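Data block for model_0.cif (mmCIF, C-alpha atoms):
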data_protein
loop_
_atom_site.label_atom_id
_atom_site.label_comp_id
_atom_site.auth_asym_id
_atom_site.auth_seq_id
_atom_site.Cartn_x
_atom_site.Cartn_y
_atom_site.Cartn_z
CA MET A 1 -121.61 -216.50 39.97
CA MET A 2 -121.04 -219.60 37.88
CA VAL A 3 -122.05 -219.02 34.26
CA PRO A 4 -120.41 -221.35 31.74
CA ARG A 5 -118.56 -219.63 28.91
CA ARG A 6 -117.97 -222.74 26.79
CA VAL A 7 -119.73 -226.00 25.98
CA PHE A 8 -118.90 -229.14 24.04
CA PHE A 9 -121.08 -231.98 22.86
CA THR A 10 -120.26 -235.66 23.12
CA GLY A 11 -121.86 -239.06 22.99
CA GLY A 12 -120.99 -242.66 23.68
CA VAL A 13 -122.05 -246.30 23.78
CA GLY A 14 -121.16 -248.90 26.39
CA VAL A 15 -121.82 -252.63 26.68
CA HIS A 16 -121.28 -254.79 29.77
CA LYS A 17 -122.98 -257.56 31.73
CA ASP A 18 -123.57 -255.11 34.60
CA ARG A 19 -125.78 -252.06 34.11
CA LEU A 20 -123.51 -249.64 35.98
CA ALA A 21 -120.42 -250.87 34.15
CA SER A 22 -122.27 -250.38 30.86
CA PHE A 23 -122.91 -246.74 31.84
CA GLU A 24 -119.22 -246.35 32.77
CA ALA A 25 -118.24 -247.75 29.37
CA ALA A 26 -120.55 -245.22 27.67
CA LEU A 27 -118.93 -242.41 29.67
CA ARG A 28 -115.51 -243.68 28.51
CA SER A 29 -116.70 -243.79 24.93
CA ALA A 30 -117.85 -240.17 25.33
CA GLY A 31 -114.52 -239.19 26.92
CA ILE A 32 -116.02 -237.92 30.19
CA GLU A 33 -115.50 -240.86 32.57
CA ILE A 34 -112.77 -239.10 34.58
CA PHE A 35 -115.03 -236.31 35.85
CA ASN A 36 -117.63 -235.95 38.58
CA ILE A 37 -120.73 -235.06 36.60
CA VAL A 38 -123.55 -232.93 37.96
CA ASN A 39 -126.69 -233.05 35.83
CA VAL A 40 -128.27 -229.66 35.22
CA SER A 41 -131.42 -228.48 33.49
CA SER A 42 -131.68 -227.12 30.00
CA ILE A 43 -130.73 -223.43 29.83
CA PHE A 44 -127.98 -222.59 27.32
CA PRO A 45 -126.15 -219.61 28.89
CA PRO A 46 -125.98 -216.24 27.13
CA ASN A 47 -122.72 -215.70 25.23
CA CYS A 48 -121.70 -219.35 25.65
CA ILE A 49 -119.61 -220.63 22.75
CA GLU A 50 -119.36 -224.17 21.44
CA VAL A 51 -115.90 -225.72 21.30
CA THR A 52 -114.81 -229.10 19.99
CA ARG A 53 -114.81 -232.11 22.27
CA GLU A 54 -111.01 -232.19 22.11
CA GLU A 55 -110.65 -228.52 23.07
CA GLY A 56 -113.21 -228.86 25.85
CA LEU A 57 -111.52 -231.93 27.32
CA SER A 58 -108.14 -230.16 27.24
CA LEU A 59 -109.57 -227.45 29.54
CA LEU A 60 -110.66 -229.93 32.23
CA ARG A 61 -108.76 -231.96 34.85
CA PRO A 62 -109.40 -235.50 36.10
CA GLY A 63 -111.71 -235.52 39.10
CA GLU A 64 -113.09 -232.06 38.32
CA ILE A 65 -116.76 -231.44 39.01
CA ILE A 66 -118.40 -230.66 35.69
CA TYR A 67 -121.93 -229.66 34.81
CA ALA A 68 -123.75 -231.32 31.95
CA VAL A 69 -127.13 -231.72 30.33
CA MET A 70 -127.21 -235.46 29.71
CA ALA A 71 -129.59 -237.86 27.99
CA ARG A 72 -129.09 -241.52 28.86
CA ASN A 73 -130.84 -244.72 27.92
CA ASP A 74 -130.12 -248.41 28.41
CA THR A 75 -131.47 -251.88 27.76
CA ASN A 76 -130.55 -255.51 28.19
CA GLU A 77 -133.11 -256.56 25.59
CA PRO A 78 -131.29 -258.00 22.56
CA ASN A 79 -131.57 -255.92 19.40
CA ARG A 80 -133.81 -253.22 20.97
CA LEU A 81 -133.13 -249.90 19.23
CA MET A 82 -132.60 -246.97 21.58
CA SER A 83 -131.39 -243.39 21.33
CA SER A 84 -130.25 -240.53 23.51
CA ALA A 85 -130.13 -237.02 22.10
CA ILE A 86 -129.42 -233.43 23.11
CA GLY A 87 -131.03 -230.62 21.10
CA LEU A 88 -129.79 -227.03 21.00
CA ALA A 89 -131.50 -223.74 20.07
CA VAL A 90 -129.51 -220.51 20.17
CA PRO A 91 -131.15 -217.06 19.91
CA GLU A 92 -129.96 -214.25 17.65
CA GLU A 93 -129.64 -211.95 20.67
CA LYS A 94 -126.32 -213.03 22.25
CA ASN A 95 -127.31 -211.73 25.70
CA HIS A 96 -130.41 -213.95 25.74
CA TYR A 97 -130.32 -217.54 26.90
CA GLY A 98 -131.04 -220.47 24.63
CA TYR A 99 -132.28 -223.98 25.30
CA LEU A 100 -130.92 -227.49 25.44
CA SER A 101 -133.24 -230.47 25.53
CA GLU A 102 -132.75 -234.11 26.46
CA HIS A 103 -134.57 -236.89 24.67
CA HIS A 104 -134.26 -240.63 25.17
CA SER A 105 -136.37 -243.09 23.25
CA TYR A 106 -136.82 -246.66 22.07
CA GLY A 107 -137.56 -247.60 18.48
CA GLU A 108 -136.59 -244.26 16.92
CA SER A 109 -133.74 -243.94 14.44
CA GLN A 110 -130.81 -241.68 15.20
CA ILE A 111 -132.20 -239.05 12.82
CA GLN A 112 -135.72 -239.20 14.32
CA ALA A 113 -134.50 -238.91 17.92
CA GLY A 114 -131.99 -236.17 17.08
CA GLU A 115 -134.52 -234.06 15.20
CA TYR A 116 -137.05 -234.54 17.99
CA ALA A 117 -134.54 -233.20 20.54
CA GLU A 118 -133.71 -230.27 18.25
CA ASP A 119 -137.42 -229.55 17.82
CA LEU A 120 -137.94 -229.60 21.61
CA ALA A 121 -135.16 -227.08 22.21
CA ALA A 122 -136.31 -224.80 19.38
CA THR A 123 -139.94 -224.90 20.52
CA MET A 124 -139.01 -224.05 24.13
CA LEU A 125 -136.95 -221.10 22.90
CA ALA A 126 -139.63 -219.97 20.43
CA THR A 127 -142.25 -219.82 23.19
CA THR A 128 -140.02 -217.61 25.36
CA LEU A 129 -139.27 -215.30 22.42
CA GLY A 130 -142.93 -214.89 21.48
CA ILE A 131 -142.62 -216.50 18.05
CA GLU A 132 -146.05 -217.57 16.86
CA PHE A 133 -146.34 -221.02 15.36
CA ASP A 134 -148.72 -223.93 15.04
CA PRO A 135 -147.41 -226.73 17.28
CA ASP A 136 -149.14 -229.32 15.08
CA THR A 137 -147.07 -228.52 11.97
CA ALA A 138 -144.06 -230.67 11.09
CA TRP A 139 -140.65 -229.83 12.59
CA GLN A 140 -139.22 -228.86 9.19
CA GLU A 141 -141.97 -226.26 8.69
CA ARG A 142 -141.60 -224.86 12.21
CA GLU A 143 -137.82 -224.78 11.83
CA GLN A 144 -138.24 -222.46 8.83
CA ILE A 145 -140.68 -220.24 10.76
CA TYR A 146 -138.30 -220.04 13.75
CA LYS A 147 -135.30 -219.12 11.61
CA ALA A 148 -137.30 -216.71 9.40
CA SER A 149 -138.33 -214.82 12.54
CA GLY A 150 -134.73 -213.63 12.88
CA LYS A 151 -134.87 -214.47 16.59
CA ILE A 152 -133.40 -217.99 16.43
CA ILE A 153 -130.20 -218.38 14.46
CA GLN A 154 -129.03 -221.90 15.21
CA THR A 155 -130.55 -225.25 16.00
CA SER A 156 -128.64 -228.51 16.12
CA HIS A 157 -128.46 -231.83 17.91
CA ILE A 158 -126.20 -234.70 18.88
CA CYS A 159 -127.64 -238.19 19.05
CA THR A 160 -126.29 -241.62 19.93
CA SER A 161 -128.26 -244.69 18.86
CA GLU A 162 -127.55 -248.38 19.26
CA LYS A 163 -129.30 -251.72 19.33
CA GLY A 164 -129.21 -253.81 22.49
CA ASP A 165 -126.40 -256.36 22.69
CA LEU A 166 -127.39 -259.65 21.05
CA ASN A 167 -126.15 -261.61 24.09
CA GLY A 168 -128.37 -259.73 26.52
CA ASN A 169 -125.61 -257.62 28.07
CA TRP A 170 -126.56 -254.12 29.17
CA THR A 171 -126.12 -251.52 26.43
CA THR A 172 -126.09 -247.83 27.33
CA VAL A 173 -126.26 -244.82 25.03
CA LEU A 174 -125.67 -241.26 26.13
CA ALA A 175 -125.42 -237.79 24.70
CA ALA A 176 -124.22 -234.80 26.68
CA ALA A 177 -123.64 -231.06 26.53
CA VAL A 178 -120.72 -230.45 28.89
CA PHE A 179 -120.29 -226.93 30.28
CA ILE A 180 -116.90 -225.40 31.01
CA LEU A 181 -116.74 -222.64 33.60
#

Can you dump the structure from the file as structure tokens?
Amino acid sequence: MMVPRRVFFTGGVGVHKDRLASFEAALRSAGIEIFNIVNVSSIFPPNCIEVTREEGLSLLRPGEIIYAVMARNDTNEPNRLMSSAIGLAVPEEKNHYGYLSEHHSYGESQIQAGEYAEDLAATMLATTLGIEFDPDTAWQEREQIYKASGKIIQTSHICTSEKGDLNGNWTTVLAAAVFIL
């Protein structure tokens, strides 16, 4: 059974005339270019602990197959604002799973995209925990309801935003939650 025990969050930006090379540059900026990355869905494992990017990277070897929840966005349109974000919601009950969410958007600020991803993760977790809420209320109000329930103790996000390169080169943004087995 492969259940990750640790996770770290990272993000990066890359710019290059070729789209793939721009993605590679973003991976380098995030510090994860030396791994074979398998994208996975959005369940945050029970009892998984967050470590720093530096600690997480020290536990991995070049060429290793790693599992990650990744949000990625790119453009070659000059000055186009884009974001990639990962949201996290962790339950109070340590033996219960939490949620990660991916969000990629154009035209949203880093704060808007990050909070949207955090809201997505918290809402997915709230629905599985039976927390009653009005989905039409603002995120800040629902965040208070979720945390007041005593069932969700932590929500957070990581977001990378950038404007497209002024010369029309490809610009890539990414955010990732990298699991360590």

### Task
Would you mind telling me which residue in A:Asn47, A:Ser41, A:Asp119, A:Ile66 lies nearest to Pro135 in chain A when using all atoms listed in the file?
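With all atoms listed in the file as the atom set, the closest residue is A:Asp119.
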
### Message
Once the PyMOL selection byres ((chain A and resi 24) around 10) has been evaluated on this model, what residues remain selected, and can you format them as a ChimeraX atom specification?
### Response
/A:12-16,18-23,25-30,32-34,172

### Query
Can you list what the PyMOL selection byres ((chain A and resi 126) around 12) grabs from this structure, as a PyMOL selection string?
chain A and resi 89-92+97-99+119-125+127-135+142-155

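CA of Glu54 in chain A sits 12.6 Å away from CA of Arg6 in chain A.
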
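Atom pair CA of Asn79 in chain A / CA of Ala176 in chain A has a distance of 23.5 Å (rounded to one decimal).
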
### Message
I'd like the contact shell of Asp165 in chain A - 9 Å cut-off, all atoms listed in the file, skipping same-chain residues fewer than 5 positions apart - returned as a list in words.
### Response
Val15, His16, Thr75, Asn76, Glu77, Pro78, Asn79, Arg80, Trp170 and Thr171 of chain A

### Selection: 12 Å around Ala117 in chain A, only C-alpha atoms, excl. self and same-chain fewer than 6 positions, as a ChimeraX atom specification
/A:42,70-71,83-89,99-105,108,110-111,123-124,139,155-160,175

Once you have the residues from the selection above, write them out as an mmCIF file, keeping the file's coordinate frame, restricted to C-alpha atoms.
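Saved result, selection34.cif, follows:
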data_model
loop_
_atom_site.group_PDB
_atom_site.id
_atom_site.type_symbol
_atom_site.label_atom_id
_atom_site.label_comp_id
_atom_site.auth_asym_id
_atom_site.auth_seq_id
_atom_site.Cartn_x
_atom_site.Cartn_y
_atom_site.Cartn_z
ATOM 1 C CA SER A 42 -131.680 -227.120 30.000
ATOM 2 C CA MET A 70 -127.210 -235.460 29.710
ATOM 3 C CA ALA A 71 -129.590 -237.860 27.990
ATOM 4 C CA SER A 83 -131.390 -243.390 21.330
ATOM 5 C CA SER A 84 -130.250 -240.530 23.510
ATOM 6 C CA ALA A 85 -130.130 -237.020 22.100
ATOM 7 C CA ILE A 86 -129.420 -233.430 23.110
ATOM 8 C CA GLY A 87 -131.030 -230.620 21.100
ATOM 9 C CA LEU A 88 -129.790 -227.030 21.000
ATOM 10 C CA ALA A 89 -131.500 -223.740 20.070
ATOM 11 C CA TYR A 99 -132.280 -223.980 25.300
ATOM 12 C CA LEU A 100 -130.920 -227.490 25.440
ATOM 13 C CA SER A 101 -133.240 -230.470 25.530
ATOM 14 C CA GLU A 102 -132.750 -234.110 26.460
ATOM 15 C CA HIS A 103 -134.570 -236.890 24.670
ATOM 16 C CA HIS A 104 -134.260 -240.630 25.170
ATOM 17 C CA SER A 105 -136.370 -243.090 23.250
ATOM 18 C CA GLU A 108 -136.590 -244.260 16.920
ATOM 19 C CA GLN A 110 -130.810 -241.680 15.200
ATOM 20 C CA ILE A 111 -132.200 -239.050 12.820
ATOM 21 C CA THR A 123 -139.940 -224.900 20.520
ATOM 22 C CA MET A 124 -139.010 -224.050 24.130
ATOM 23 C CA TRP A 139 -140.650 -229.830 12.590
ATOM 24 C CA THR A 155 -130.550 -225.250 16.000
ATOM 25 C CA SER A 156 -128.640 -228.510 16.120
ATOM 26 C CA HIS A 157 -128.460 -231.830 17.910
ATOM 27 C CA ILE A 158 -126.200 -234.700 18.880
ATOM 28 C CA CYS A 159 -127.640 -238.190 19.050
ATOM 29 C CA THR A 160 -126.290 -241.620 19.930
ATOM 30 C CA ALA A 175 -125.420 -237.790 24.700
#
